[in-house]
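**Q** Compact mmCIF, N, CA and C atoms, file structure.txt:
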```txt
# COMPACT_ATOMS: atom_id res chain seq x y z
N MET J 909 0.83 -1.19 0.00
CA MET J 909 0.00 0.00 0.00
C MET J 909 0.87 1.25 0.00
N PHE J 910 0.34 2.31 -0.59
CA PHE J 910 1.02 3.59 -0.53
C PHE J 910 -0.02 4.70 -0.38
N ASN J 911 0.44 5.89 0.00
CA ASN J 911 -0.44 7.02 0.26
C ASN J 911 -0.84 7.73 -1.03
N PHE J 912 -1.99 8.37 -1.01
CA PHE J 912 -2.38 9.25 -2.09
C PHE J 912 -3.03 10.48 -1.48
N SER J 913 -2.99 11.57 -2.21
CA SER J 913 -3.73 12.77 -1.81
C SER J 913 -4.05 13.55 -3.08
N ALA J 914 -5.15 14.27 -3.03
CA ALA J 914 -5.58 15.07 -4.18
C ALA J 914 -6.34 16.28 -3.68
N ASN J 915 -6.20 17.39 -4.39
CA ASN J 915 -6.90 18.63 -4.07
C ASN J 915 -7.88 18.96 -5.18
N ARG J 916 -8.80 19.84 -4.87
CA ARG J 916 -9.78 20.35 -5.83
C ARG J 916 -10.62 19.25 -6.46
N LEU J 917 -11.13 18.35 -5.62
CA LEU J 917 -12.02 17.29 -6.09
C LEU J 917 -13.46 17.68 -5.79
N ILE J 918 -14.34 17.46 -6.76
CA ILE J 918 -15.76 17.71 -6.53
C ILE J 918 -16.55 16.41 -6.73
N LEU J 919 -17.63 16.30 -6.01
CA LEU J 919 -18.45 15.09 -6.01
C LEU J 919 -19.27 14.99 -7.29
N LEU J 920 -19.19 13.83 -7.93
CA LEU J 920 -20.07 13.51 -9.06
C LEU J 920 -21.21 12.62 -8.62
N SER J 921 -20.90 11.59 -7.79
CA SER J 921 -21.95 10.70 -7.30
C SER J 921 -21.47 9.95 -6.07
N ARG J 922 -22.44 9.42 -5.33
CA ARG J 922 -22.17 8.59 -4.15
C ARG J 922 -23.10 7.38 -4.24
N THR J 923 -22.54 6.19 -4.10
CA THR J 923 -23.32 4.96 -4.13
C THR J 923 -23.06 4.18 -2.86
N GLU J 924 -24.13 3.76 -2.21
CA GLU J 924 -24.04 3.03 -0.94
C GLU J 924 -24.13 1.52 -1.21
N TYR J 925 -23.18 0.78 -0.65
CA TYR J 925 -23.16 -0.68 -0.70
C TYR J 925 -23.16 -1.20 0.73
N PRO J 926 -23.45 -2.50 0.94
CA PRO J 926 -23.45 -3.03 2.31
C PRO J 926 -22.11 -2.84 3.04
N SER J 927 -21.00 -2.95 2.33
CA SER J 927 -19.70 -2.87 3.01
C SER J 927 -19.01 -1.51 2.93
N CYS J 928 -19.49 -0.63 2.03
CA CYS J 928 -18.80 0.66 1.87
C CYS J 928 -19.67 1.64 1.09
N ALA J 929 -19.22 2.89 1.09
CA ALA J 929 -19.79 3.91 0.21
C ALA J 929 -18.73 4.21 -0.85
N VAL J 930 -19.17 4.37 -2.08
CA VAL J 930 -18.24 4.64 -3.18
C VAL J 930 -18.57 6.02 -3.74
N PHE J 931 -17.55 6.87 -3.78
CA PHE J 931 -17.68 8.23 -4.29
C PHE J 931 -16.97 8.33 -5.63
N LEU J 932 -17.61 9.00 -6.59
CA LEU J 932 -16.93 9.40 -7.82
C LEU J 932 -16.65 10.88 -7.67
N LEU J 933 -15.36 11.23 -7.74
CA LEU J 933 -14.93 12.61 -7.59
C LEU J 933 -14.10 13.01 -8.79
N ARG J 934 -14.31 14.24 -9.28
CA ARG J 934 -13.55 14.74 -10.42
C ARG J 934 -12.55 15.78 -9.96
N ASP J 935 -11.33 15.67 -10.47
CA ASP J 935 -10.27 16.64 -10.21
C ASP J 935 -10.50 17.83 -11.13
N LEU J 936 -10.66 19.01 -10.54
CA LEU J 936 -10.96 20.20 -11.33
C LEU J 936 -9.78 20.65 -12.19
N ASP J 937 -8.56 20.26 -11.83
CA ASP J 937 -7.39 20.65 -12.61
C ASP J 937 -7.15 19.73 -13.80
N THR J 938 -7.19 18.42 -13.56
CA THR J 938 -6.86 17.45 -14.61
C THR J 938 -8.09 16.86 -15.29
N GLN J 939 -9.27 17.05 -14.70
CA GLN J 939 -10.54 16.49 -15.17
C GLN J 939 -10.59 14.96 -15.02
N ARG J 940 -9.63 14.37 -14.34
CA ARG J 940 -9.68 12.93 -14.07
C ARG J 940 -10.78 12.63 -13.07
N VAL J 941 -11.36 11.44 -13.19
CA VAL J 941 -12.40 11.00 -12.27
C VAL J 941 -11.84 9.86 -11.44
N TYR J 942 -12.03 9.96 -10.12
CA TYR J 942 -11.52 8.96 -9.19
C TYR J 942 -12.68 8.25 -8.51
N ARG J 943 -12.53 6.96 -8.32
CA ARG J 943 -13.49 6.17 -7.54
C ARG J 943 -12.84 5.94 -6.18
N LEU J 944 -13.44 6.52 -5.13
CA LEU J 944 -12.89 6.44 -3.79
C LEU J 944 -13.83 5.65 -2.90
N TYR J 945 -13.25 4.79 -2.07
CA TYR J 945 -14.02 3.90 -1.21
C TYR J 945 -13.95 4.38 0.23
N ASP J 946 -15.12 4.45 0.88
CA ASP J 946 -15.22 4.82 2.29
C ASP J 946 -15.82 3.62 3.03
N PHE J 947 -14.95 2.82 3.64
CA PHE J 947 -15.42 1.63 4.34
C PHE J 947 -16.06 1.95 5.68
N SER J 948 -15.81 3.15 6.20
CA SER J 948 -16.45 3.56 7.46
C SER J 948 -17.84 4.14 7.21
N LYS J 949 -18.14 4.52 5.97
CA LYS J 949 -19.39 5.18 5.58
C LYS J 949 -19.64 6.44 6.39
N ALA J 950 -18.57 7.11 6.81
CA ALA J 950 -18.69 8.28 7.67
C ALA J 950 -18.47 9.60 6.96
N GLN J 951 -17.96 9.56 5.73
CA GLN J 951 -17.63 10.81 5.03
C GLN J 951 -18.87 11.49 4.48
N LEU J 952 -19.00 12.76 4.79
CA LEU J 952 -20.09 13.57 4.26
C LEU J 952 -19.49 14.54 3.24
N ILE J 953 -19.70 14.24 1.97
CA ILE J 953 -19.15 15.05 0.89
C ILE J 953 -20.33 15.67 0.15
N ARG J 954 -20.34 17.01 0.06
CA ARG J 954 -21.44 17.72 -0.58
C ARG J 954 -21.08 18.09 -2.02
N PRO J 955 -22.06 18.16 -2.89
CA PRO J 955 -21.80 18.62 -4.26
C PRO J 955 -21.42 20.10 -4.25
N ASP J 956 -20.74 20.55 -5.28
CA ASP J 956 -20.38 21.96 -5.49
C ASP J 956 -19.44 22.53 -4.44
N VAL J 957 -18.72 21.66 -3.73
CA VAL J 957 -17.68 22.08 -2.80
C VAL J 957 -16.42 21.33 -3.20
N ALA J 958 -15.31 22.05 -3.32
CA ALA J 958 -14.04 21.39 -3.64
C ALA J 958 -13.43 20.82 -2.36
N TYR J 959 -12.86 19.62 -2.46
CA TYR J 959 -12.30 18.92 -1.30
C TYR J 959 -10.85 18.52 -1.53
N CYS J 960 -10.14 18.40 -0.42
CA CYS J 960 -8.83 17.75 -0.38
C CYS J 960 -9.06 16.38 0.23
N VAL J 961 -8.56 15.35 -0.42
CA VAL J 961 -8.78 13.98 0.03
C VAL J 961 -7.43 13.29 0.20
N ALA J 962 -7.30 12.53 1.28
CA ALA J 962 -6.09 11.73 1.52
C ALA J 962 -6.51 10.32 1.87
N GLY J 963 -5.63 9.37 1.55
CA GLY J 963 -5.95 7.99 1.85
C GLY J 963 -4.83 7.06 1.45
N LYS J 964 -5.19 5.80 1.29
CA LYS J 964 -4.24 4.75 0.93
C LYS J 964 -4.70 4.08 -0.36
N VAL J 965 -3.73 3.59 -1.10
CA VAL J 965 -4.02 2.79 -2.28
C VAL J 965 -3.78 1.34 -1.91
N ASN J 966 -4.81 0.52 -2.04
CA ASN J 966 -4.73 -0.90 -1.76
C ASN J 966 -4.71 -1.61 -3.11
N SER J 967 -3.61 -2.25 -3.44
CA SER J 967 -3.50 -2.85 -4.76
C SER J 967 -3.25 -4.35 -4.71
N ALA J 968 -4.06 -5.07 -3.95
CA ALA J 968 -3.91 -6.51 -3.87
C ALA J 968 -4.17 -7.14 -5.25
N GLU J 969 -5.39 -7.05 -5.74
CA GLU J 969 -5.70 -7.52 -7.09
C GLU J 969 -6.28 -6.39 -7.93
N LYS J 970 -7.09 -5.55 -7.30
CA LYS J 970 -7.64 -4.37 -7.96
C LYS J 970 -7.11 -3.14 -7.26
N LEU J 971 -7.15 -2.03 -7.94
CA LEU J 971 -6.69 -0.78 -7.37
C LEU J 971 -7.86 -0.12 -6.62
N TYR J 972 -7.73 0.03 -5.31
CA TYR J 972 -8.74 0.69 -4.50
C TYR J 972 -8.12 1.92 -3.86
N LEU J 973 -8.77 3.07 -4.03
CA LEU J 973 -8.37 4.28 -3.34
C LEU J 973 -9.28 4.39 -2.11
N VAL J 974 -8.71 4.17 -0.93
CA VAL J 974 -9.48 4.12 0.31
C VAL J 974 -9.33 5.44 1.04
N ILE J 975 -10.44 6.12 1.30
CA ILE J 975 -10.44 7.43 1.95
C ILE J 975 -10.05 7.30 3.42
N GLU J 976 -9.10 8.15 3.84
CA GLU J 976 -8.76 8.29 5.26
C GLU J 976 -9.23 9.63 5.81
N SER J 977 -9.15 10.69 5.00
CA SER J 977 -9.62 11.99 5.46
C SER J 977 -10.11 12.82 4.29
N VAL J 978 -11.08 13.67 4.59
CA VAL J 978 -11.66 14.59 3.62
C VAL J 978 -11.85 15.93 4.32
N ARG J 979 -11.43 17.01 3.65
CA ARG J 979 -11.67 18.34 4.20
C ARG J 979 -11.91 19.30 3.04
N PRO J 980 -12.69 20.35 3.28
CA PRO J 980 -12.91 21.33 2.21
C PRO J 980 -11.59 21.96 1.78
N ASP J 981 -11.44 22.20 0.49
CA ASP J 981 -10.24 22.82 -0.06
C ASP J 981 -10.40 24.33 0.09
N THR J 982 -9.78 24.91 1.11
CA THR J 982 -9.92 26.34 1.39
C THR J 982 -8.90 27.19 0.62
N LYS J 983 -7.93 26.57 -0.02
CA LYS J 983 -6.92 27.33 -0.76
C LYS J 983 -7.40 27.73 -2.15
N HIS J 984 -8.45 27.12 -2.63
CA HIS J 984 -8.98 27.42 -3.95
C HIS J 984 -10.40 27.91 -3.81
N GLY J 985 -10.82 28.77 -4.71
CA GLY J 985 -12.16 29.34 -4.65
C GLY J 985 -13.23 28.30 -4.90
N ARG J 986 -14.45 28.67 -4.57
CA ARG J 986 -15.60 27.80 -4.77
C ARG J 986 -15.72 27.47 -6.25
N HIS J 987 -16.03 26.23 -6.54
CA HIS J 987 -16.18 25.77 -7.92
C HIS J 987 -17.46 26.32 -8.51
N SER J 988 -17.38 26.75 -9.74
CA SER J 988 -18.57 27.15 -10.49
C SER J 988 -18.44 26.60 -11.89
N ASN J 989 -19.49 25.94 -12.37
CA ASN J 989 -19.45 25.43 -13.73
C ASN J 989 -20.16 26.37 -14.70
N VAL J 990 -20.45 27.59 -14.25
CA VAL J 990 -21.05 28.59 -15.12
C VAL J 990 -19.92 29.34 -15.81
N PRO J 991 -19.84 29.29 -17.15
CA PRO J 991 -18.74 29.97 -17.84
C PRO J 991 -18.86 31.48 -17.73
N ALA J 992 -17.73 32.16 -17.61
CA ALA J 992 -17.71 33.61 -17.58
C ALA J 992 -17.91 34.12 -18.99
N PRO J 993 -18.71 35.18 -19.17
CA PRO J 993 -18.89 35.74 -20.50
C PRO J 993 -17.58 36.26 -21.05
N ALA J 994 -17.34 36.08 -22.34
CA ALA J 994 -16.08 36.50 -22.97
C ALA J 994 -15.90 38.01 -22.93
N ASP J 995 -17.00 38.76 -22.96
CA ASP J 995 -16.89 40.21 -22.98
C ASP J 995 -16.87 40.82 -21.58
N GLY J 996 -16.94 39.98 -20.55
CA GLY J 996 -16.90 40.46 -19.19
C GLY J 996 -18.26 40.91 -18.66
N ALA J 997 -19.30 40.78 -19.47
CA ALA J 997 -20.63 41.20 -19.06
C ALA J 997 -21.17 40.29 -17.96
N GLY J 998 -22.05 40.84 -17.17
CA GLY J 998 -22.72 40.03 -16.17
C GLY J 998 -22.08 40.04 -14.80
N ALA J 999 -20.99 40.73 -14.62
CA ALA J 999 -20.33 40.72 -13.32
C ALA J 999 -21.09 41.52 -12.28
N CYS J 1000 -21.38 42.77 -12.56
CA CYS J 1000 -22.07 43.64 -11.61
C CYS J 1000 -23.06 44.53 -12.36
N PRO J 1001 -24.20 44.76 -11.75
CA PRO J 1001 -25.13 45.69 -12.40
C PRO J 1001 -24.60 47.12 -12.31
N ILE J 1002 -24.89 47.92 -13.31
CA ILE J 1002 -24.46 49.32 -13.31
C ILE J 1002 -25.62 50.16 -12.82
N GLY J 1003 -25.34 51.08 -11.94
CA GLY J 1003 -26.44 51.91 -11.55
C GLY J 1003 -26.28 52.46 -10.26
```
Will you turn the file into structure tokens for me?
**A**
Amino acid sequence: MFNFSANRLILLSRTEYPSCAVFLLRDLDTQRVYRLYDFSKAQLIRPDVAYCVAGKVNSAEKLYLVIESVRPDTKHGRHSNVPAPADGAGACPIG
């Protein structure tokens, strides 16, 4: 086993199984999608919040990324999937 950590991950989905919860998280920088396993079923991850995640990689036969800790990513701004207008319009009303 070895350690892993990632920043700026946002929740795509959460699936509950009898033995664990499985999260699909996307890295906002690389756009990679990670499948992370929470065997404690204790992690509360909300959509539209960027997270820093740390854990272990268990590679007996399959590659499992097992969550050890999750915290909001406070070093990066809140994620928004709304594109900014090219002309800069829409930022503030004039008046």
**Q** Pick from J:Met909, J:Leu936, J:Ala962, J:Cys928: nearest to Glu976 in chain J, with only N, CA and C atoms counted?
**A** J:Ala962
**Q** I'd like the neighbourhood of Leu973 in chain J as a list in words, where a residue qualifies if any of its atoms comes within 7 Å (using only C-alpha atoms), though same-chain residues fewer than 4 positions away should be ignored.
**A**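 Using only C-alpha atoms, the neighbours found are Arg943, Leu944, Tyr945, Gly963, Lys964, Val965 and Asn966 of chain J.
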**Q** Please determine, counting only C-alpha atoms, which residue among J:Pro926, J:Lys970, J:Val957, J:Tyr942 has the shortest atom-to-atom distance to Thr982 in chain J.
**A**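 Ranking J:Pro926, J:Lys970, J:Val957, J:Tyr942 by distance to Thr982 in chain J, first place goes to J:Val957.
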**Q** Would you mind telling me which residue in J:Ala929, J:Tyr972, J:Pro980, J:Leu920 lies nearest to Asp946 in chain J when using all atoms listed in the file?
**A**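 Using all atoms listed in the file, the shortest distance to Asp946 in chain J belongs to J:Ala929.
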**Q** Work out how far apart CA of Leu971 in chain J and CA of Phe912 in chain J are and give it in Å to one decimal.
**A** 12.1 Å
**Q** As JSON, please report the centre and edge lengths, rounded to one decimal in Å, of the axis-aligned box that holds all listed atoms of range 973-983 of chain J with 4 Å of padding on each of the six sides.
**A**
```
{"center_x": -9.9, "center_y": 15.4, "center_z": 0.9, "size_x": 14.0, "size_y": 32.7, "size_z": 17.8}
```
**Q** May I ask for the distance between CA of Thr923 in chain J and CA of Asp981 in chain J, given in Å to one decimal place?
**A**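 Answer for the CA of Thr923 in chain J to CA of Asp981 in chain J separation: 22.5 Å.
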**Q** Taking 6 positions as the minimum chain separation for residues in the same chain, which residues sit within 7 Å of Asp935 in chain J when counting only N, CA and C atoms? Answer as a VMD selection string.
**A** chain J and resid 915 to 918 941 to 942
**Q** Would you give me, as an MDAnalysis selection string, the residues in range 917-949 of chain J that DSSP reads as strand (DSSP E)?
**A** chainID J and resid 917:924 929:935 941:946
